[in-house]
$ cat entry_6.cif   # mmCIF, N, CA and C atoms
data_data
#
loop_
_atom_site.label_atom_id
_atom_site.label_comp_id
_atom_site.auth_asym_id
_atom_site.auth_seq_id
_atom_site.Cartn_x
_atom_site.Cartn_y
_atom_site.Cartn_z
N MET A 1418 119.57 64.87 89.59
CA MET A 1418 120.96 65.22 89.81
C MET A 1418 121.30 66.44 88.95
N LYS A 1419 122.01 67.38 89.52
CA LYS A 1419 122.36 68.59 88.77
C LYS A 1419 123.70 68.43 88.07
N ARG A 1420 123.89 69.22 87.04
CA ARG A 1420 125.14 69.29 86.29
C ARG A 1420 125.78 70.64 86.61
N VAL A 1421 127.04 70.62 86.99
CA VAL A 1421 127.74 71.82 87.43
C VAL A 1421 128.95 72.05 86.53
N GLY A 1422 129.08 73.27 85.98
CA GLY A 1422 130.22 73.63 85.15
C GLY A 1422 131.45 73.86 86.00
N LYS A 1423 132.54 73.21 85.65
CA LYS A 1423 133.81 73.31 86.37
C LYS A 1423 134.95 73.56 85.41
N VAL A 1424 136.06 74.03 85.94
CA VAL A 1424 137.30 74.19 85.18
C VAL A 1424 138.43 73.52 85.95
N VAL A 1425 139.41 73.03 85.20
CA VAL A 1425 140.60 72.40 85.77
C VAL A 1425 141.81 73.02 85.08
N ALA A 1426 142.79 73.46 85.87
CA ALA A 1426 143.98 74.15 85.35
C ALA A 1426 145.23 73.30 85.53
N TYR A 1427 145.89 73.02 84.41
CA TYR A 1427 147.23 72.44 84.45
C TYR A 1427 148.19 73.59 84.19
N ILE A 1428 148.80 74.09 85.26
CA ILE A 1428 149.79 75.17 85.14
C ILE A 1428 151.13 74.49 84.94
N VAL A 1429 151.71 74.66 83.74
CA VAL A 1429 152.88 73.90 83.33
C VAL A 1429 154.08 74.84 83.15
N ARG A 1430 155.22 74.36 83.63
CA ARG A 1430 156.48 75.11 83.46
C ARG A 1430 157.63 74.11 83.58
N ASP A 1431 158.53 74.13 82.61
CA ASP A 1431 159.73 73.28 82.63
C ASP A 1431 159.40 71.81 82.88
N GLY A 1432 158.37 71.30 82.20
CA GLY A 1432 158.02 69.90 82.31
C GLY A 1432 157.39 69.50 83.64
N ARG A 1433 156.91 70.49 84.37
CA ARG A 1433 156.28 70.22 85.66
C ARG A 1433 154.93 70.92 85.73
N VAL A 1434 154.07 70.44 86.62
CA VAL A 1434 152.73 71.00 86.79
C VAL A 1434 152.52 71.33 88.26
N VAL A 1435 151.75 72.38 88.53
CA VAL A 1435 151.45 72.78 89.91
C VAL A 1435 150.44 71.80 90.49
N VAL A 1436 150.75 71.30 91.69
CA VAL A 1436 149.82 70.48 92.46
C VAL A 1436 149.76 71.05 93.87
N PHE A 1437 148.72 70.66 94.61
CA PHE A 1437 148.62 71.12 95.99
C PHE A 1437 147.93 70.08 96.86
N ALA A 1438 148.10 70.26 98.16
CA ALA A 1438 147.38 69.50 99.18
C ALA A 1438 146.88 70.51 100.20
N HIS A 1439 145.83 70.13 100.90
CA HIS A 1439 145.31 70.95 101.99
C HIS A 1439 145.92 70.42 103.29
N GLY A 1440 146.83 71.20 103.87
CA GLY A 1440 147.55 70.71 105.04
C GLY A 1440 146.93 71.01 106.38
N ASP A 1441 145.97 71.90 106.45
CA ASP A 1441 145.49 72.33 107.76
C ASP A 1441 144.03 72.03 108.02
N HIS A 1442 143.43 71.17 107.22
CA HIS A 1442 142.01 70.89 107.36
C HIS A 1442 141.84 69.37 107.22
N ASP A 1443 141.44 68.71 108.32
CA ASP A 1443 141.39 67.25 108.33
C ASP A 1443 140.59 66.67 107.18
N THR A 1444 139.40 67.19 106.93
CA THR A 1444 138.55 66.64 105.88
C THR A 1444 139.16 66.89 104.51
N LEU A 1445 139.63 68.11 104.25
CA LEU A 1445 140.21 68.42 102.95
C LEU A 1445 141.52 67.68 102.73
N ALA A 1446 142.27 67.42 103.81
CA ALA A 1446 143.54 66.71 103.67
C ALA A 1446 143.33 65.31 103.11
N LEU A 1447 142.17 64.73 103.35
CA LEU A 1447 141.86 63.40 102.81
C LEU A 1447 141.71 63.42 101.30
N ALA A 1448 141.54 64.60 100.72
CA ALA A 1448 141.31 64.72 99.28
C ALA A 1448 142.54 64.41 98.45
N GLY A 1449 143.71 64.39 99.04
CA GLY A 1449 144.93 64.07 98.31
C GLY A 1449 145.43 65.21 97.45
N LEU A 1450 146.37 64.88 96.55
CA LEU A 1450 146.94 65.89 95.66
C LEU A 1450 145.93 66.30 94.61
N GLN A 1451 145.89 67.59 94.34
CA GLN A 1451 144.97 68.14 93.36
C GLN A 1451 145.69 69.18 92.52
N VAL A 1452 145.02 69.61 91.46
CA VAL A 1452 145.45 70.76 90.67
C VAL A 1452 144.40 71.84 90.84
N PRO A 1453 144.74 73.10 90.57
CA PRO A 1453 143.75 74.17 90.71
C PRO A 1453 142.51 73.89 89.85
N ALA A 1454 141.36 74.09 90.45
CA ALA A 1454 140.09 73.81 89.78
C ALA A 1454 138.99 74.53 90.53
N GLY A 1455 137.84 74.65 89.90
CA GLY A 1455 136.72 75.28 90.59
C GLY A 1455 135.50 75.42 89.71
N THR A 1456 134.52 76.12 90.26
CA THR A 1456 133.22 76.25 89.63
C THR A 1456 133.15 77.48 88.72
N ILE A 1457 132.51 77.31 87.58
CA ILE A 1457 132.26 78.43 86.68
C ILE A 1457 131.07 79.21 87.25
N GLN A 1458 131.25 80.49 87.49
CA GLN A 1458 130.18 81.32 88.04
C GLN A 1458 129.17 81.67 86.95
N SER A 1459 127.97 82.01 87.38
CA SER A 1459 126.90 82.37 86.45
C SER A 1459 127.35 83.51 85.53
N GLY A 1460 127.21 83.31 84.23
CA GLY A 1460 127.58 84.32 83.25
C GLY A 1460 129.06 84.38 82.93
N GLU A 1461 129.88 83.56 83.57
CA GLU A 1461 131.32 83.56 83.37
C GLU A 1461 131.71 82.59 82.26
N LEU A 1462 132.64 82.98 81.42
CA LEU A 1462 133.18 82.09 80.41
C LEU A 1462 134.17 81.12 81.06
N PRO A 1463 134.23 79.87 80.59
CA PRO A 1463 135.17 78.92 81.19
C PRO A 1463 136.62 79.40 81.18
N GLU A 1464 137.04 80.07 80.11
CA GLU A 1464 138.44 80.53 80.05
C GLU A 1464 138.72 81.63 81.07
N ASP A 1465 137.71 82.41 81.42
CA ASP A 1465 137.88 83.41 82.49
C ASP A 1465 137.87 82.72 83.84
N ALA A 1466 137.01 81.72 84.00
CA ALA A 1466 136.91 80.99 85.26
C ALA A 1466 138.21 80.27 85.59
N VAL A 1467 138.85 79.66 84.61
CA VAL A 1467 140.07 78.91 84.89
C VAL A 1467 141.20 79.84 85.33
N LEU A 1468 141.29 81.02 84.72
CA LEU A 1468 142.31 81.98 85.15
C LEU A 1468 142.02 82.50 86.55
N ARG A 1469 140.76 82.77 86.84
CA ARG A 1469 140.37 83.25 88.18
C ARG A 1469 140.66 82.19 89.23
N GLU A 1470 140.20 80.97 88.99
CA GLU A 1470 140.41 79.90 89.97
C GLU A 1470 141.89 79.61 90.18
N ALA A 1471 142.66 79.56 89.11
CA ALA A 1471 144.10 79.28 89.23
C ALA A 1471 144.79 80.36 90.06
N TYR A 1472 144.44 81.61 89.84
CA TYR A 1472 145.04 82.68 90.63
C TYR A 1472 144.59 82.61 92.09
N GLU A 1473 143.28 82.42 92.31
CA GLU A 1473 142.76 82.36 93.69
C GLU A 1473 143.42 81.25 94.50
N GLU A 1474 143.69 80.12 93.87
CA GLU A 1474 144.21 78.97 94.59
C GLU A 1474 145.73 78.92 94.67
N THR A 1475 146.43 79.64 93.79
CA THR A 1475 147.90 79.59 93.80
C THR A 1475 148.55 80.91 94.21
N GLY A 1476 147.86 82.03 93.95
CA GLY A 1476 148.46 83.34 94.18
C GLY A 1476 149.50 83.72 93.14
N LEU A 1477 149.66 82.91 92.09
CA LEU A 1477 150.66 83.19 91.07
C LEU A 1477 150.20 84.31 90.14
N ALA A 1478 151.03 85.31 90.00
CA ALA A 1478 150.77 86.39 89.05
C ALA A 1478 151.31 85.97 87.69
N GLY A 1479 150.78 86.57 86.63
CA GLY A 1479 151.29 86.30 85.29
C GLY A 1479 150.79 85.01 84.68
N LEU A 1480 149.64 84.52 85.14
CA LEU A 1480 149.07 83.31 84.53
C LEU A 1480 148.51 83.63 83.16
N ARG A 1481 148.71 82.70 82.25
CA ARG A 1481 148.26 82.91 80.87
C ARG A 1481 147.69 81.60 80.33
N LEU A 1482 146.60 81.73 79.59
CA LEU A 1482 145.97 80.59 78.96
C LEU A 1482 146.80 80.15 77.76
N VAL A 1483 147.16 78.88 77.70
CA VAL A 1483 147.91 78.34 76.57
C VAL A 1483 146.96 77.68 75.59
N ARG A 1484 146.12 76.75 76.10
CA ARG A 1484 145.17 76.09 75.20
C ARG A 1484 144.11 75.33 75.99
N TYR A 1485 143.03 75.10 75.28
CA TYR A 1485 141.93 74.29 75.79
C TYR A 1485 142.24 72.84 75.47
N LEU A 1486 142.09 71.96 76.47
CA LEU A 1486 142.44 70.55 76.29
C LEU A 1486 141.23 69.63 76.12
N GLY A 1487 140.04 70.14 76.40
CA GLY A 1487 138.86 69.33 76.22
C GLY A 1487 137.94 69.35 77.42
N VAL A 1488 136.87 68.59 77.31
CA VAL A 1488 135.84 68.54 78.34
C VAL A 1488 135.64 67.09 78.76
N GLY A 1489 135.28 66.90 80.01
CA GLY A 1489 134.98 65.56 80.52
C GLY A 1489 133.98 65.67 81.64
N GLU A 1490 133.34 64.57 81.95
CA GLU A 1490 132.37 64.56 83.04
C GLU A 1490 132.91 63.74 84.20
N TYR A 1491 132.58 64.17 85.41
CA TYR A 1491 132.99 63.48 86.63
C TYR A 1491 131.77 63.36 87.53
N ASP A 1492 131.39 62.15 87.85
CA ASP A 1492 130.27 61.90 88.75
C ASP A 1492 130.76 62.08 90.18
N ALA A 1493 130.29 63.11 90.85
CA ALA A 1493 130.79 63.47 92.18
C ALA A 1493 130.11 62.70 93.31
N ARG A 1494 129.18 61.82 92.97
CA ARG A 1494 128.51 61.04 94.01
C ARG A 1494 129.47 60.01 94.59
N PRO A 1495 129.40 59.68 95.85
CA PRO A 1495 128.35 60.02 96.80
C PRO A 1495 128.58 61.31 97.57
N ALA A 1496 129.74 61.94 97.38
CA ALA A 1496 130.01 63.16 98.14
C ALA A 1496 129.02 64.28 97.81
N HIS A 1497 128.68 64.43 96.53
CA HIS A 1497 127.76 65.48 96.07
C HIS A 1497 126.84 64.88 95.02
N ASP A 1498 125.57 65.25 95.05
CA ASP A 1498 124.61 64.74 94.08
C ASP A 1498 124.70 65.59 92.80
N ALA A 1499 125.81 65.43 92.10
CA ALA A 1499 126.05 66.26 90.92
C ALA A 1499 127.02 65.57 89.97
N VAL A 1500 126.90 65.93 88.71
CA VAL A 1500 127.90 65.58 87.70
C VAL A 1500 128.64 66.86 87.38
N HIS A 1501 129.95 66.83 87.49
CA HIS A 1501 130.78 67.98 87.14
C HIS A 1501 131.14 67.89 85.66
N VAL A 1502 130.79 68.93 84.92
CA VAL A 1502 131.18 69.04 83.52
C VAL A 1502 132.44 69.88 83.52
N ARG A 1503 133.58 69.22 83.36
CA ARG A 1503 134.88 69.86 83.54
C ARG A 1503 135.52 70.26 82.21
N HIS A 1504 135.98 71.51 82.18
CA HIS A 1504 136.73 72.05 81.04
C HIS A 1504 138.20 72.12 81.48
N PHE A 1505 139.05 71.45 80.75
CA PHE A 1505 140.47 71.35 81.09
C PHE A 1505 141.29 72.32 80.24
N TYR A 1506 142.23 73.01 80.90
CA TYR A 1506 143.06 74.00 80.22
C TYR A 1506 144.52 73.84 80.62
N GLU A 1507 145.40 74.13 79.68
CA GLU A 1507 146.82 74.29 79.98
C GLU A 1507 147.08 75.78 80.18
N LEU A 1508 147.75 76.11 81.29
CA LEU A 1508 148.13 77.48 81.59
C LEU A 1508 149.64 77.55 81.73
N ALA A 1509 150.19 78.74 81.54
CA ALA A 1509 151.60 79.01 81.78
C ALA A 1509 151.68 80.16 82.77
N VAL A 1510 152.82 80.30 83.38
CA VAL A 1510 153.05 81.43 84.27
C VAL A 1510 154.25 82.20 83.71
N ASP A 1511 154.04 83.49 83.46
CA ASP A 1511 155.07 84.30 82.81
C ASP A 1511 155.97 85.07 83.78
N ALA A 1512 155.84 84.83 85.07
CA ALA A 1512 156.70 85.50 86.04
C ALA A 1512 158.14 85.02 85.84
N ALA A 1513 159.10 85.92 86.06
CA ALA A 1513 160.50 85.57 85.88
C ALA A 1513 160.92 84.46 86.85
N GLU A 1514 160.44 84.54 88.06
CA GLU A 1514 160.75 83.52 89.07
C GLU A 1514 159.47 83.08 89.74
N VAL A 1515 159.38 81.80 90.00
CA VAL A 1515 158.27 81.25 90.76
C VAL A 1515 158.87 80.35 91.84
N PRO A 1516 158.22 80.27 92.98
CA PRO A 1516 158.78 79.43 94.05
C PRO A 1516 158.68 77.95 93.71
N GLU A 1517 159.52 77.15 94.36
CA GLU A 1517 159.44 75.69 94.21
C GLU A 1517 158.30 75.13 95.05
N ASN A 1518 158.13 75.67 96.24
CA ASN A 1518 157.08 75.28 97.17
C ASN A 1518 156.55 76.55 97.81
N TRP A 1519 155.24 76.65 98.01
CA TRP A 1519 154.69 77.83 98.64
C TRP A 1519 153.31 77.53 99.20
N THR A 1520 152.82 78.44 100.02
CA THR A 1520 151.49 78.33 100.60
C THR A 1520 150.66 79.51 100.15
N ALA A 1521 149.42 79.24 99.76
CA ALA A 1521 148.47 80.29 99.39
C ALA A 1521 147.19 80.05 100.17
N TYR A 1522 146.45 81.11 100.38
CA TYR A 1522 145.18 81.03 101.08
C TYR A 1522 144.08 81.57 100.18
N GLU A 1523 143.09 80.73 99.89
CA GLU A 1523 141.98 81.11 99.02
C GLU A 1523 140.82 81.56 99.89
N THR A 1524 140.29 82.73 99.56
CA THR A 1524 139.16 83.26 100.33
C THR A 1524 137.88 83.29 99.51
N GLY A 1525 137.99 83.04 98.19
CA GLY A 1525 136.81 83.01 97.34
C GLY A 1525 136.00 84.28 97.46
N ASP A 1526 134.70 84.13 97.71
CA ASP A 1526 133.83 85.29 97.82
C ASP A 1526 133.75 85.83 99.23
N GLY A 1527 134.57 85.30 100.13
CA GLY A 1527 134.58 85.76 101.51
C GLY A 1527 133.54 85.11 102.39
N ALA A 1528 132.81 84.13 101.85
CA ALA A 1528 131.74 83.48 102.61
C ALA A 1528 132.27 82.39 103.55
N HIS A 1529 133.56 82.07 103.45
CA HIS A 1529 134.13 81.03 104.32
C HIS A 1529 135.50 81.48 104.80
N ASP A 1530 136.00 80.78 105.81
CA ASP A 1530 137.36 81.05 106.28
C ASP A 1530 138.34 80.72 105.16
N PRO A 1531 139.51 81.37 105.16
CA PRO A 1531 140.51 81.06 104.14
C PRO A 1531 140.87 79.57 104.14
N ILE A 1532 141.07 79.04 102.94
CA ILE A 1532 141.47 77.65 102.78
C ILE A 1532 142.94 77.62 102.38
N ARG A 1533 143.72 76.84 103.11
CA ARG A 1533 145.16 76.78 102.87
C ARG A 1533 145.48 75.79 101.75
N PHE A 1534 146.35 76.22 100.85
CA PHE A 1534 146.85 75.39 99.76
C PHE A 1534 148.36 75.30 99.91
N ASP A 1535 148.89 74.09 100.09
CA ASP A 1535 150.33 73.86 100.12
C ASP A 1535 150.73 73.38 98.72
N LEU A 1536 151.39 74.27 97.97
CA LEU A 1536 151.64 74.06 96.55
C LEU A 1536 153.09 73.69 96.26
N ARG A 1537 153.25 72.96 95.16
CA ARG A 1537 154.59 72.61 94.68
C ARG A 1537 154.50 72.21 93.21
N TRP A 1538 155.65 72.07 92.60
CA TRP A 1538 155.74 71.62 91.22
C TRP A 1538 156.00 70.12 91.20
N MET A 1539 155.29 69.41 90.34
CA MET A 1539 155.46 67.96 90.21
C MET A 1539 155.81 67.64 88.76
N PRO A 1540 156.78 66.74 88.53
CA PRO A 1540 157.06 66.35 87.15
C PRO A 1540 155.81 65.79 86.48
N LEU A 1541 155.61 66.17 85.23
CA LEU A 1541 154.41 65.74 84.50
C LEU A 1541 154.26 64.23 84.46
N ASP A 1542 155.37 63.51 84.38
CA ASP A 1542 155.25 62.05 84.29
C ASP A 1542 154.85 61.39 85.60
N GLN A 1543 154.72 62.16 86.66
CA GLN A 1543 154.25 61.64 87.94
C GLN A 1543 152.86 62.16 88.31
N ALA A 1544 152.34 63.08 87.52
CA ALA A 1544 151.11 63.80 87.89
C ALA A 1544 149.84 62.98 87.72
N HIS A 1545 149.94 61.77 87.20
CA HIS A 1545 148.75 60.92 87.07
C HIS A 1545 148.13 60.58 88.43
N VAL A 1546 148.82 60.88 89.51
CA VAL A 1546 148.33 60.54 90.85
C VAL A 1546 147.37 61.57 91.42
N VAL A 1547 147.09 62.66 90.71
CA VAL A 1547 146.17 63.66 91.26
C VAL A 1547 144.78 63.05 91.44
N ALA A 1548 144.07 63.55 92.43
CA ALA A 1548 142.80 62.96 92.87
C ALA A 1548 141.61 63.43 92.05
N PHE A 1549 140.46 62.82 92.31
CA PHE A 1549 139.16 63.21 91.75
C PHE A 1549 139.11 63.19 90.23
N GLY A 1550 139.93 62.39 89.59
CA GLY A 1550 139.92 62.34 88.14
C GLY A 1550 140.47 63.59 87.49
N GLN A 1551 141.14 64.45 88.27
CA GLN A 1551 141.66 65.70 87.70
C GLN A 1551 142.80 65.46 86.72
N GLY A 1552 143.37 64.29 86.73
CA GLY A 1552 144.46 64.00 85.81
C GLY A 1552 144.01 63.41 84.48
N SER A 1553 142.72 63.36 84.24
CA SER A 1553 142.19 62.67 83.06
C SER A 1553 142.64 63.26 81.73
N HIS A 1554 143.04 64.51 81.70
CA HIS A 1554 143.44 65.13 80.44
C HIS A 1554 144.93 65.49 80.40
N LEU A 1555 145.71 64.99 81.36
CA LEU A 1555 147.14 65.28 81.39
C LEU A 1555 147.85 64.81 80.12
N GLY A 1556 147.46 63.68 79.59
CA GLY A 1556 148.11 63.16 78.38
C GLY A 1556 147.99 64.09 77.20
N ARG A 1557 146.97 64.91 77.18
CA ARG A 1557 146.79 65.84 76.07
C ARG A 1557 147.83 66.95 76.05
N LEU A 1558 148.53 67.13 77.17
CA LEU A 1558 149.63 68.11 77.20
C LEU A 1558 150.73 67.72 76.24
N PHE A 1559 150.80 66.45 75.87
CA PHE A 1559 151.86 65.94 75.01
C PHE A 1559 151.44 65.88 73.54
N ASP A 1560 150.20 66.28 73.23
CA ASP A 1560 149.72 66.29 71.85
C ASP A 1560 150.37 67.40 71.05
#
$ encode --input "entry_6.cif" --output "C-alpha cells"
Amino acid sequence: MKRVGKVVAYIVRDGRVVVFAHGDHDTLALAGLQVPAGTIQSGELPEDAVLREAYEETGLAGLRLVRYLGVGEYDARPAHDAVHVRHFYELAVDAAEVPENWTAYETGDGAHDPIRFDLRWMPLDQAHVVAFGQGSHLGRLFD
C-alpha cells in the first residue's frame, strides 16, 4: 500500500469555514460535504500545496496561511489502496467581500473535465459533519 501526501484547508472567516459539495457528478455527489484538500505534488512544500489546492477548488483570491494544525493519517481503502498522510492548515481570506454561496470549477492540470464545487460557509460548530475524516483537526482551531 502506498502513502500519499495530502493537504486539508480550513478556510475560516467570522466563525465559519468553507465547505463544498459536488452537485453535478453522481459519483462525487455521494462524497458529501468536504473542505478544500488535495495531493502534494512532487517537490512541492505542503504549505504551498494547501494554498494552491484551496485556490483551485474555491476560486477565492487573497488566501493566506494562518497556521499549521498538525498531521494525521487516513486509510483510504477500499476506495483507494493508499494511506493519506494529511497536513491540516488554517487559512484566512483577505478579500474585502466574499460570497455567501458560490460555484467554482477546478481544472487541475487540465487532464480531466472541470469539476464543479458548490461552496458555502458553515458555522464551525456544525463542521464536524464533513466527510472522509476531513474534520479531524477542526477542534484545533479553538486552541
$ select_by_dssp --input "entry_6.cif" --residues "chain A" --states "alpha helix (DSSP H)" --output "ChimeraX atom specification"
/A:1443-1446,1463-1475
$ write_last_selection --input "entry_6.cif" --atoms "N, CA and C atoms" --output "compact mmCIF listing (two decimals), in the coordinates of the input"
# COMPACT_ATOMS: atom_id res chain seq x y z
N ASP A 1443 141.44 68.71 108.32
CA ASP A 1443 141.39 67.25 108.33
C ASP A 1443 140.59 66.67 107.18
N THR A 1444 139.40 67.19 106.93
CA THR A 1444 138.55 66.64 105.88
C THR A 1444 139.16 66.89 104.51
N LEU A 1445 139.63 68.11 104.25
CA LEU A 1445 140.21 68.42 102.95
C LEU A 1445 141.52 67.68 102.73
N ALA A 1446 142.27 67.42 103.81
CA ALA A 1446 143.54 66.71 103.67
C ALA A 1446 143.33 65.31 103.11
N PRO A 1463 134.23 79.87 80.59
CA PRO A 1463 135.17 78.92 81.19
C PRO A 1463 136.62 79.40 81.18
N GLU A 1464 137.04 80.07 80.11
CA GLU A 1464 138.44 80.53 80.05
C GLU A 1464 138.72 81.63 81.07
N ASP A 1465 137.71 82.41 81.42
CA ASP A 1465 137.88 83.41 82.49
C ASP A 1465 137.87 82.72 83.84
N ALA A 1466 137.01 81.72 84.00
CA ALA A 1466 136.91 80.99 85.26
C ALA A 1466 138.21 80.27 85.59
N VAL A 1467 138.85 79.66 84.61
CA VAL A 1467 140.07 78.91 84.89
C VAL A 1467 141.20 79.84 85.33
N LEU A 1468 141.29 81.02 84.72
CA LEU A 1468 142.31 81.98 85.15
C LEU A 1468 142.02 82.50 86.55
N ARG A 1469 140.76 82.77 86.84
CA ARG A 1469 140.37 83.25 88.18
C ARG A 1469 140.66 82.19 89.23
N GLU A 1470 140.20 80.97 88.99
CA GLU A 1470 140.41 79.90 89.97
C GLU A 1470 141.89 79.61 90.18
N ALA A 1471 142.66 79.56 89.11
CA ALA A 1471 144.10 79.28 89.23
C ALA A 1471 144.79 80.36 90.06
N TYR A 1472 144.44 81.61 89.84
CA TYR A 1472 145.04 82.68 90.63
C TYR A 1472 144.59 82.61 92.09
N GLU A 1473 143.28 82.42 92.31
CA GLU A 1473 142.76 82.36 93.69
C GLU A 1473 143.42 81.25 94.50
N GLU A 1474 143.69 80.12 93.87
CA GLU A 1474 144.21 78.97 94.59
C GLU A 1474 145.73 78.92 94.67
N THR A 1475 146.43 79.64 93.79
CA THR A 1475 147.90 79.59 93.80
C THR A 1475 148.55 80.91 94.21
$ closest_atom_pairs --input "entry_6.cif" --of "range 1486-1541 of chain A" --to "range 1477-1481 of chain A" --cutoff "6 Å" --atoms "only C-alpha atoms" --output "Markdown table"
| residue | atom | partner | partner_atom | distance |
| --- | --- | --- | --- | --- |
| A:Leu1508 | CA | A:Arg1481 | CA | 5.5 |
| A:Ala1509 | CA | A:Arg1481 | CA | 5.2 |
| A:Val1510 | CA | A:Leu1480 | CA | 4.4 |
| A:Asp1511 | CA | A:Gly1479 | CA | 4.9 |
| A:Ala1512 | CA | A:Gly1479 | CA | 5.5 |
$ atom_distance --input "entry_6.cif" --atom1 "atom C of Trp1519 in chain A" --atom2 "atom C of Arg1537 in chain A"
8.1 Å
$ residues_around --input "entry_6.cif" --residues "Ser1459 in chain A" --least-positions-apart "4" --cutoff "12 Å" --atoms "only C-alpha atoms" --output "compact mmCIF listing (two decimals) with N, CA and C atoms, in the coordinates of the input"
# COMPACT_ATOMS: atom_id res chain seq x y z
N VAL A 1421 127.04 70.62 86.99
CA VAL A 1421 127.74 71.82 87.43
C VAL A 1421 128.95 72.05 86.53
N GLY A 1422 129.08 73.27 85.98
CA GLY A 1422 130.22 73.63 85.15
C GLY A 1422 131.45 73.86 86.00
N LYS A 1423 132.54 73.21 85.65
CA LYS A 1423 133.81 73.31 86.37
C LYS A 1423 134.95 73.56 85.41
N PRO A 1463 134.23 79.87 80.59
CA PRO A 1463 135.17 78.92 81.19
C PRO A 1463 136.62 79.40 81.18
N ASP A 1465 137.71 82.41 81.42
CA ASP A 1465 137.88 83.41 82.49
C ASP A 1465 137.87 82.72 83.84
N ALA A 1466 137.01 81.72 84.00
CA ALA A 1466 136.91 80.99 85.26
C ALA A 1466 138.21 80.27 85.59
$ resolve_selection --input "entry_6.cif" --expression "the PyMOL selection byres ((chain A and resi 1532) around 5)" --output "PyMOL selection string"
chain A and resi 1522-1523+1530-1531+1533-1534
$ atom_distance --input "entry_6.cif" --atom1 "CA of Gly1487 in chain A" --atom2 "CA of Glu1514 in chain A"
29.1 Å
$ residues_around --input "entry_6.cif" --residues "Ala1426 in chain A" --least-positions-apart "2" --cutoff "6 Å" --atoms "only C-alpha atoms" --output "number ranges by chain"
A: 1428, 1453-1454, 1506
$ write_last_selection --input "entry_6.cif" --atoms "N, CA and C atoms" --output "short mmCIF file (atom, residue, chain, number, x, y, z; two decimals), keeping the file's coordinate frame"
data_model
loop_
_atom_site.label_atom_id
_atom_site.label_comp_id
_atom_site.auth_asym_id
_atom_site.auth_seq_id
_atom_site.Cartn_x
_atom_site.Cartn_y
_atom_site.Cartn_z
N ILE A 1428 148.80 74.09 85.26
CA ILE A 1428 149.79 75.17 85.14
C ILE A 1428 151.13 74.49 84.94
N PRO A 1453 144.74 73.10 90.57
CA PRO A 1453 143.75 74.17 90.71
C PRO A 1453 142.51 73.89 89.85
N ALA A 1454 141.36 74.09 90.45
CA ALA A 1454 140.09 73.81 89.78
C ALA A 1454 138.99 74.53 90.53
N TYR A 1506 142.23 73.01 80.90
CA TYR A 1506 143.06 74.00 80.22
C TYR A 1506 144.52 73.84 80.62
#
$ select_by_dssp --input "entry_6.cif" --residues "chain A" --states "strand (DSSP E)" --output "ChimeraX atom specification"
/A:1419-1430,1433-1438,1454-1456,1480-1492,1499-1510,1518-1523,1532-1540
$ resolve_selection --input "entry_6.cif" --expression "the PyMOL selection byres ((chain A and resi 1494-1502) around 8)" --output "list in words"
Met1418, Lys1419, Arg1420, Val1421, Gly1422, Lys1423, Val1424, Val1425, Val1488, Gly1489, Glu1490, Tyr1491, Asp1492, Ala1493, Arg1503, His1504 and Phe1505 of chain A
$ residues_around --input "entry_6.cif" --residues "Val1435 in chain A" --least-positions-apart "5" --cutoff "7 Å" --atoms "only C-alpha atoms" --output "MDAnalysis selection string"
chainID A and resid 1427:1429 1452 1536:1539
$ build_atoms --input "entry_6.cif" --residues "range 1514-1523 of chain A" --atoms "N, CA, C and O atoms" --output "PDB file, in the coordinates of the input"
ATOM      1  N   GLU A1514     160.440  84.540  88.060  1.00  0.00           N
ATOM      2  CA  GLU A1514     160.750  83.520  89.070  1.00  0.00           C
ATOM      3  C   GLU A1514     159.470  83.080  89.740  1.00  0.00           C
ATOM      4  O   GLU A1514     158.585  83.893  90.015  1.00  0.00           O
ATOM      5  N   VAL A1515     159.380  81.800  90.000  1.00  0.00           N
ATOM      6  CA  VAL A1515     158.270  81.250  90.760  1.00  0.00           C
ATOM      7  C   VAL A1515     158.870  80.350  91.840  1.00  0.00           C
ATOM      8  O   VAL A1515     159.919  79.739  91.629  1.00  0.00           O
ATOM      9  N   PRO A1516     158.220  80.270  92.980  1.00  0.00           N
ATOM     10  CA  PRO A1516     158.780  79.430  94.050  1.00  0.00           C
ATOM     11  C   PRO A1516     158.680  77.950  93.710  1.00  0.00           C
ATOM     12  O   PRO A1516     157.868  77.534  92.880  1.00  0.00           O
ATOM     13  N   GLU A1517     159.520  77.150  94.360  1.00  0.00           N
ATOM     14  CA  GLU A1517     159.440  75.690  94.210  1.00  0.00           C
ATOM     15  C   GLU A1517     158.300  75.130  95.050  1.00  0.00           C
ATOM     16  O   GLU A1517     157.613  74.211  94.641  1.00  0.00           O
ATOM     17  N   ASN A1518     158.130  75.670  96.240  1.00  0.00           N
ATOM     18  CA  ASN A1518     157.080  75.280  97.170  1.00  0.00           C
ATOM     19  C   ASN A1518     156.550  76.550  97.810  1.00  0.00           C
ATOM     20  O   ASN A1518     157.330  77.452  98.131  1.00  0.00           O
ATOM     21  N   TRP A1519     155.240  76.650  98.010  1.00  0.00           N
ATOM     22  CA  TRP A1519     154.690  77.830  98.640  1.00  0.00           C
ATOM     23  C   TRP A1519     153.310  77.530  99.200  1.00  0.00           C
ATOM     24  O   TRP A1519     152.708  76.499  98.908  1.00  0.00           O
ATOM     25  N   THR A1520     152.820  78.440 100.020  1.00  0.00           N
ATOM     26  CA  THR A1520     151.490  78.330 100.600  1.00  0.00           C
ATOM     27  C   THR A1520     150.660  79.510 100.150  1.00  0.00           C
ATOM     28  O   THR A1520     151.146  80.642 100.130  1.00  0.00           O
ATOM     29  N   ALA A1521     149.420  79.240  99.760  1.00  0.00           N
ATOM     30  CA  ALA A1521     148.470  80.290  99.390  1.00  0.00           C
ATOM     31  C   ALA A1521     147.190  80.050 100.170  1.00  0.00           C
ATOM     32  O   ALA A1521     146.895  78.921 100.568  1.00  0.00           O
ATOM     33  N   TYR A1522     146.450  81.110 100.380  1.00  0.00           N
ATOM     34  CA  TYR A1522     145.180  81.030 101.080  1.00  0.00           C
ATOM     35  C   TYR A1522     144.080  81.570 100.180  1.00  0.00           C
ATOM     36  O   TYR A1522     144.137  82.714  99.747  1.00  0.00           O
ATOM     37  N   GLU A1523     143.090  80.730  99.890  1.00  0.00           N
ATOM     38  CA  GLU A1523     141.980  81.110  99.020  1.00  0.00           C
ATOM     39  C   GLU A1523     140.820  81.560  99.890  1.00  0.00           C
ATOM     40  O   GLU A1523     140.425  80.880 100.825  1.00  0.00           O
TER      41      GLU A1523
END
